[in-house]
Amino acid sequence: MSLSPASVAHRPTIVLRWARLIPYTQFHRLQSKSPSTTTAWRNSGLTPPLVWALIIRPALLPARADLTACLSAKGCHRCIHIPPVLLPPVIFTGLLVALWVWKCVMLVVFQNKIIYMPGLPPNARKERIEDHAGLCGGIQWREDRTLTADGKDIAMAVATVPLPGSPATAREETRAAGAVVAHVYVLYFQGNASSIPPRLPDLSWVLRAVSEGSKPMLLPPARLTFVCLSYRGYWTSRGRPSESGIQFDAEAGVRWIAEQHQSAYGCHAESPVPILLLWGQSIGSGVATNLAATGRISADLPISGLVLETPFLSVRAMLAVLYPQKWLPYKHLWPFLRNHLDSMTNLGLIAERSREMGGATPKIFILEAGRDELVPKEHGELLHKRCLDLGVSVEKNTIPVAYHSEAIARGDGKKLAAQAILQLTKRALDNHDG
């Protein structure tokens, strides 16, 4: 058995190589110091047992050097003997360690594919608004599209309903008949492993509830538009999802709303007041807080409030939730994260940004599921406490017997979401008048 020149020549450092040594000469050197042992094996006519040795070559070997020369040269090698009985567990342990390291590397390298799941359920990209129109109770949804700053084509589902408001408000008397005082825009960010169209029937219920509840809330006549943004890679949007890319998508959604408002009403003083609200579900809550904390948003369209449905603290916190076992290293890989969605940190940035701009801090509604099987209850409680510590107006409600993705699928959840939008609208109008 010889070593090829390519494997031994001109390679520094230490080389580890398993060698299967077949006696007689090698066996005598490696296995026994007594000449009688080798003589006995020769006279018996039997083949001595095979010996496995780990050859450690600390120095350069000459080209075309063979294993026998390496073994016979004094000071050229060291041999670590492993008895045959220990060889299987050693190899098995090595394979386990290699698999463990490989999985850690895969988690870091392919974290975008692991975190974002635009292809689930399997028909998510083939969903159509028309397939769910019959369950929307007369709310007319349409698909619209916009381009992001990095050139990605993003899909949106859009619907508008009137808010009749109270017929006896003082603000209505100052306007022409049929005019509206405000136009409320709700920019909706979806959850993971889903598509926009199946969510539209539940959102349609919320739209109708807000429209019907505008009179009891003594709101002036207004209009309400829902803009449901589909992240890149989801539904019919183009591109591959990542936190930085989805931030571009969210900013593109705000720009589209600003352009639509200007196109519909112009820039004159009598234009309806634009009110922007953000609604994020699950992973969308992180997108909403990212946008409110660090997004490039026009000063003419400030964020007036956020609705966070089943939010979590951050991706780092969810690693500890999903992999609580001490022997799993995944929760310790957070320094290598490229996706954070850190709502806990974002809340502090939102409060700081509001102080710097001299405006009112957006009010936050937290809707948590009573039987959430994915996000622990403590996450909602910590976010609520964080808002209180920062002096941010916050309200937290729990939808009983609802699982993670069922918060507004339940009747109580729909009512709470509609009430949150109405309260945020009234607060924004009061701040504008003040």
# chains A, B, ... in the order shown; residues from 1 in each chain; ligands from 1

$ select_by_dssp --residues "segment 188-335 of chain A" --states "strand (DSSP E or B)" --output "number ranges by chain"
A: 188-189, 222-229, 273-281, 303-309

$ write_last_selection --atoms "C-alpha atoms" --output "PDB file, in the first residue's frame"
ATOM      1  CA  TYR A 188     -51.906  44.168   7.227  1.00  0.00           C
ATOM      2  CA  PHE A 189     -48.864  41.866   7.529  1.00  0.00           C
ATOM      3  CA  ALA A 222     -64.693  58.449   6.913  1.00  0.00           C
ATOM      4  CA  ARG A 223     -63.496  55.626   4.744  1.00  0.00           C
ATOM      5  CA  LEU A 224     -61.576  52.493   5.670  1.00  0.00           C
ATOM      6  CA  THR A 225     -59.157  50.692   3.363  1.00  0.00           C
ATOM      7  CA  PHE A 226     -57.487  47.382   4.168  1.00  0.00           C
ATOM      8  CA  VAL A 227     -54.196  46.724   2.351  1.00  0.00           C
ATOM      9  CA  CYS A 228     -53.062  43.127   2.896  1.00  0.00           C
ATOM     10  CA  LEU A 229     -49.410  42.910   1.885  1.00  0.00           C
ATOM     11  CA  VAL A 273     -56.893  63.182   7.181  1.00  0.00           C
ATOM     12  CA  PRO A 274     -54.868  60.037   6.369  1.00  0.00           C
ATOM     13  CA  ILE A 275     -54.643  57.652   9.325  1.00  0.00           C
ATOM     14  CA  LEU A 276     -52.195  54.758   9.033  1.00  0.00           C
ATOM     15  CA  LEU A 277     -52.563  51.691  11.255  1.00  0.00           C
ATOM     16  CA  LEU A 278     -50.371  48.585  11.170  1.00  0.00           C
ATOM     17  CA  TRP A 279     -51.686  45.101  11.872  1.00  0.00           C
ATOM     18  CA  GLY A 280     -49.272  42.177  12.121  1.00  0.00           C
ATOM     19  CA  GLN A 281     -50.124  38.540  12.728  1.00  0.00           C
ATOM     20  CA  ILE A 303     -48.213  55.563  12.105  1.00  0.00           C
ATOM     21  CA  SER A 304     -51.090  56.110  14.527  1.00  0.00           C
ATOM     22  CA  GLY A 305     -51.316  52.652  16.062  1.00  0.00           C
ATOM     23  CA  LEU A 306     -50.387  48.993  15.899  1.00  0.00           C
ATOM     24  CA  VAL A 307     -52.409  45.812  16.329  1.00  0.00           C
ATOM     25  CA  LEU A 308     -50.119  42.891  17.237  1.00  0.00           C
ATOM     26  CA  GLU A 309     -51.877  39.545  16.863  1.00  0.00           C
TER      27      GLU A 309
END

$ closest_atom_pairs --of "segment 153-267 of chain A" --to "segment 101-113 of chain A" --cutoff "10 Å" --atoms "only C-alpha atoms" --output "CSV"
residue,atom,partner,partner_atom,distance
A:Arg240,CA,A:Asn112,CA,8.6
A:Pro241,CA,A:Asn112,CA,6.9
A:Ser242,CA,A:Asn112,CA,5.9
A:Glu243,CA,A:Asn112,CA,8.4

$ residues_around --residues "Gly134 of chain A" --least-positions-apart "6" --cutoff "12 Å" --atoms "only C-alpha atoms" --output "number ranges by chain"
A: 140-141, 197-198, 200-201, 204

$ residues_around --residues "Asp430 of chain A" --least-positions-apart "5" --cutoff "12 Å" --atoms "only C-alpha atoms" --output "list in words"
Arg171, Ala182, Leu218, Leu219, Pro220, Val273, Ile275, Ser304, Ala360, Gln423, Leu424 and Thr425 of chain A

$ residues_around --residues "Lys385 of chain A" --least-positions-apart "3" --cutoff "12 Å" --atoms "only C-alpha atoms" --output "list in words"
Leu313, Met344, Leu347, Gly348, Ile364, Ile366, Glu378, His379, Gly380, Glu381, Leu382, Leu388, Asp389, Leu390, Gly391, Val392, Ser393, Val394, Glu395 and Lys396 of chain A

$ atom_distance --atom1 "atom CA of Ser354 of chain A" --atom2 "atom CA of His432 of chain A"
15.1 Å

$ atom_distance --atom1 "atom CA of Thr345 of chain A" --atom2 "atom CA of Leu187 of chain A"
21.4 Å

$ select_by_dssp --residues "segment 177-364 of chain A" --states "alpha helix (DSSP H)" --output "PyMOL selection string"
chain A and resi 200-213+243-265+283-294+315-322+343-357

$ closest_residue --among "A:Met156, A:Ile421, A:Ala369, A:Val186" --to "Ala409 of chain A" --atoms "only C-alpha atoms"
A:Ala369

$ residues_around --residues "segment 246-263 of chain A" --least-positions-apart "2" --cutoff "9 Å" --atoms "only C-alpha atoms" --output "ChimeraX atom specification"
/A:146-150,152,154,156,183,185,187,189,227-232,241-244,265-267,271-272,274,276,287-288,290-291,295-298,300-301

$ residues_around --residues "Ser211 of chain A" --least-positions-apart "2" --cutoff "10 Å" --atoms "only C-alpha atoms" --output "PyMOL selection string"
chain A and resi 161-165+205-209+213-215+222-224+418+422

$ write_last_selection --atoms "N, CA, C and O atoms" --output "PDB file, in the first residue's frame"
ATOM      1  N   VAL A 161     -64.246  50.176   2.540  1.00  0.00           N
ATOM      2  CA  VAL A 161     -65.637  50.271   2.986  1.00  0.00           C
ATOM      3  C   VAL A 161     -65.859  51.660   3.577  1.00  0.00           C
ATOM      4  O   VAL A 161     -64.917  52.298   4.061  1.00  0.00           O
ATOM      5  N   PRO A 162     -67.094  52.173   3.551  1.00  0.00           N
ATOM      6  CA  PRO A 162     -67.373  53.471   4.178  1.00  0.00           C
ATOM      7  C   PRO A 162     -67.541  53.324   5.685  1.00  0.00           C
ATOM      8  O   PRO A 162     -67.970  52.280   6.183  1.00  0.00           O
ATOM      9  N   LEU A 163     -67.188  54.376   6.395  1.00  0.00           N
ATOM     10  CA  LEU A 163     -67.478  54.488   7.822  1.00  0.00           C
ATOM     11  C   LEU A 163     -68.516  55.596   7.962  1.00  0.00           C
ATOM     12  O   LEU A 163     -68.165  56.785   7.966  1.00  0.00           O
ATOM     13  N   PRO A 164     -69.805  55.255   8.058  1.00  0.00           N
ATOM     14  CA  PRO A 164     -70.843  56.284   8.054  1.00  0.00           C
ATOM     15  C   PRO A 164     -70.676  57.306   9.171  1.00  0.00           C
ATOM     16  O   PRO A 164     -70.932  58.488   8.981  1.00  0.00           O
ATOM     17  N   GLY A 165     -70.217  56.848  10.323  1.00  0.00           N
ATOM     18  CA  GLY A 165     -70.012  57.769  11.424  1.00  0.00           C
ATOM     19  C   GLY A 165     -71.315  58.329  11.962  1.00  0.00           C
ATOM     20  O   GLY A 165     -72.419  57.917  11.585  1.00  0.00           O
ATOM     21  N   TRP A 205     -65.067  40.214   7.862  1.00  0.00           N
ATOM     22  CA  TRP A 205     -65.936  40.355   9.029  1.00  0.00           C
ATOM     23  C   TRP A 205     -65.504  41.563   9.861  1.00  0.00           C
ATOM     24  O   TRP A 205     -66.343  42.341  10.338  1.00  0.00           O
ATOM     25  N   VAL A 206     -64.185  41.719  10.044  1.00  0.00           N
ATOM     26  CA  VAL A 206     -63.666  42.852  10.816  1.00  0.00           C
ATOM     27  C   VAL A 206     -64.009  44.167  10.117  1.00  0.00           C
ATOM     28  O   VAL A 206     -64.408  45.149  10.758  1.00  0.00           O
ATOM     29  N   LEU A 207     -63.875  44.202   8.796  1.00  0.00           N
ATOM     30  CA  LEU A 207     -64.225  45.410   8.037  1.00  0.00           C
ATOM     31  C   LEU A 207     -65.685  45.800   8.262  1.00  0.00           C
ATOM     32  O   LEU A 207     -66.005  46.976   8.507  1.00  0.00           O
ATOM     33  N   ARG A 208     -66.578  44.837   8.176  1.00  0.00           N
ATOM     34  CA  ARG A 208     -67.992  45.138   8.381  1.00  0.00           C
ATOM     35  C   ARG A 208     -68.257  45.605   9.808  1.00  0.00           C
ATOM     36  O   ARG A 208     -69.041  46.536  10.040  1.00  0.00           O
ATOM     37  N   ALA A 209     -67.584  44.971  10.781  1.00  0.00           N
ATOM     38  CA  ALA A 209     -67.792  45.349  12.177  1.00  0.00           C
ATOM     39  C   ALA A 209     -67.300  46.772  12.444  1.00  0.00           C
ATOM     40  O   ALA A 209     -67.921  47.523  13.194  1.00  0.00           O
ATOM     41  N   GLY A 213     -69.670  49.832  13.543  1.00  0.00           N
ATOM     42  CA  GLY A 213     -69.379  50.386  14.862  1.00  0.00           C
ATOM     43  C   GLY A 213     -68.950  51.833  14.849  1.00  0.00           C
ATOM     44  O   GLY A 213     -68.698  52.412  15.917  1.00  0.00           O
ATOM     45  N   SER A 214     -68.866  52.442  13.662  1.00  0.00           N
ATOM     46  CA  SER A 214     -68.390  53.828  13.608  1.00  0.00           C
ATOM     47  C   SER A 214     -69.413  54.806  14.173  1.00  0.00           C
ATOM     48  O   SER A 214     -69.057  55.842  14.738  1.00  0.00           O
ATOM     49  N   LYS A 215     -70.705  54.499  14.058  1.00  0.00           N
ATOM     50  CA  LYS A 215     -71.727  55.394  14.609  1.00  0.00           C
ATOM     51  C   LYS A 215     -71.728  55.405  16.129  1.00  0.00           C
ATOM     52  O   LYS A 215     -71.709  56.474  16.749  1.00  0.00           O
ATOM     53  N   ALA A 222     -66.056  58.766   7.361  1.00  0.00           N
ATOM     54  CA  ALA A 222     -64.693  58.449   6.913  1.00  0.00           C
ATOM     55  C   ALA A 222     -64.755  57.232   6.007  1.00  0.00           C
ATOM     56  O   ALA A 222     -65.823  56.683   5.720  1.00  0.00           O
ATOM     57  N   ARG A 223     -63.619  56.833   5.559  1.00  0.00           N
ATOM     58  CA  ARG A 223     -63.496  55.626   4.744  1.00  0.00           C
ATOM     59  C   ARG A 223     -62.398  54.760   5.344  1.00  0.00           C
ATOM     60  O   ARG A 223     -61.466  55.263   5.986  1.00  0.00           O
ATOM     61  N   LEU A 224     -62.539  53.458   5.127  1.00  0.00           N
ATOM     62  CA  LEU A 224     -61.576  52.493   5.670  1.00  0.00           C
ATOM     63  C   LEU A 224     -61.072  51.599   4.544  1.00  0.00           C
ATOM     64  O   LEU A 224     -61.874  50.984   3.826  1.00  0.00           O
ATOM     65  N   ALA A 418     -61.824  44.579  15.648  1.00  0.00           N
ATOM     66  CA  ALA A 418     -62.621  45.704  15.170  1.00  0.00           C
ATOM     67  C   ALA A 418     -62.641  46.831  16.189  1.00  0.00           C
ATOM     68  O   ALA A 418     -62.525  48.018  15.838  1.00  0.00           O
ATOM     69  N   LEU A 422     -61.304  50.779  15.746  1.00  0.00           N
ATOM     70  CA  LEU A 422     -62.154  51.928  16.045  1.00  0.00           C
ATOM     71  C   LEU A 422     -61.515  52.842  17.093  1.00  0.00           C
ATOM     72  O   LEU A 422     -61.522  54.075  16.955  1.00  0.00           O
TER      73      LEU A 422
END

$ closest_residue --among "A:Ala402, A:Leu367, A:Ile139, A:Ala155" --to "Arg125 of chain A" --atoms "only C-alpha atoms"
A:Ala155

$ atom_distance --atom1 "atom CA of Ile115 of chain A" --atom2 "atom CA of Leu99 of chain A"
20.8 Å

$ decode --residues "segment 274-286 of chain A" --atoms "N, CA and C atoms" --output "PDB file, in the first residue's frame"
ATOM      1  N   PRO A 274     -55.275  61.445   6.515  1.00  0.00           N
ATOM      2  CA  PRO A 274     -54.868  60.037   6.369  1.00  0.00           C
ATOM      3  C   PRO A 274     -54.448  59.472   7.729  1.00  0.00           C
ATOM      4  N   ILE A 275     -54.978  58.336   8.070  1.00  0.00           N
ATOM      5  CA  ILE A 275     -54.643  57.652   9.325  1.00  0.00           C
ATOM      6  C   ILE A 275     -54.089  56.282   8.968  1.00  0.00           C
ATOM      7  N   LEU A 276     -52.854  56.026   9.353  1.00  0.00           N
ATOM      8  CA  LEU A 276     -52.195  54.758   9.033  1.00  0.00           C
ATOM      9  C   LEU A 276     -52.094  53.886  10.284  1.00  0.00           C
ATOM     10  N   LEU A 277     -52.648  52.687  10.192  1.00  0.00           N
ATOM     11  CA  LEU A 277     -52.563  51.691  11.255  1.00  0.00           C
ATOM     12  C   LEU A 277     -51.856  50.456  10.715  1.00  0.00           C
ATOM     13  N   LEU A 278     -51.078  49.808  11.545  1.00  0.00           N
ATOM     14  CA  LEU A 278     -50.371  48.585  11.170  1.00  0.00           C
ATOM     15  C   LEU A 278     -50.957  47.414  11.944  1.00  0.00           C
ATOM     16  N   TRP A 279     -51.169  46.323  11.242  1.00  0.00           N
ATOM     17  CA  TRP A 279     -51.686  45.101  11.872  1.00  0.00           C
ATOM     18  C   TRP A 279     -50.781  43.946  11.439  1.00  0.00           C
ATOM     19  N   GLY A 280     -50.142  43.307  12.421  1.00  0.00           N
ATOM     20  CA  GLY A 280     -49.272  42.177  12.121  1.00  0.00           C
ATOM     21  C   GLY A 280     -49.727  40.929  12.843  1.00  0.00           C
ATOM     22  N   GLN A 281     -49.731  39.808  12.137  1.00  0.00           N
ATOM     23  CA  GLN A 281     -50.124  38.540  12.728  1.00  0.00           C
ATOM     24  C   GLN A 281     -48.905  37.630  12.842  1.00  0.00           C
ATOM     25  N   SER A 282     -48.585  37.196  14.066  1.00  0.00           N
ATOM     26  CA  SER A 282     -47.465  36.298  14.330  1.00  0.00           C
ATOM     27  C   SER A 282     -46.156  36.916  13.830  1.00  0.00           C
ATOM     28  N   ILE A 283     -45.554  36.324  12.798  1.00  0.00           N
ATOM     29  CA  ILE A 283     -44.308  36.869  12.272  1.00  0.00           C
ATOM     30  C   ILE A 283     -44.519  38.274  11.703  1.00  0.00           C
ATOM     31  N   GLY A 284     -45.760  38.564  11.294  1.00  0.00           N
ATOM     32  CA  GLY A 284     -46.089  39.900  10.818  1.00  0.00           C
ATOM     33  C   GLY A 284     -46.006  40.953  11.907  1.00  0.00           C
ATOM     34  N   SER A 285     -46.129  40.551  13.173  1.00  0.00           N
ATOM     35  CA  SER A 285     -45.968  41.507  14.271  1.00  0.00           C
ATOM     36  C   SER A 285     -44.546  42.050  14.301  1.00  0.00           C
ATOM     37  N   GLY A 286     -43.576  41.174  14.047  1.00  0.00           N
ATOM     38  CA  GLY A 286     -42.191  41.628  13.965  1.00  0.00           C
ATOM     39  C   GLY A 286     -41.970  42.556  12.786  1.00  0.00           C
TER      40      GLY A 286
END
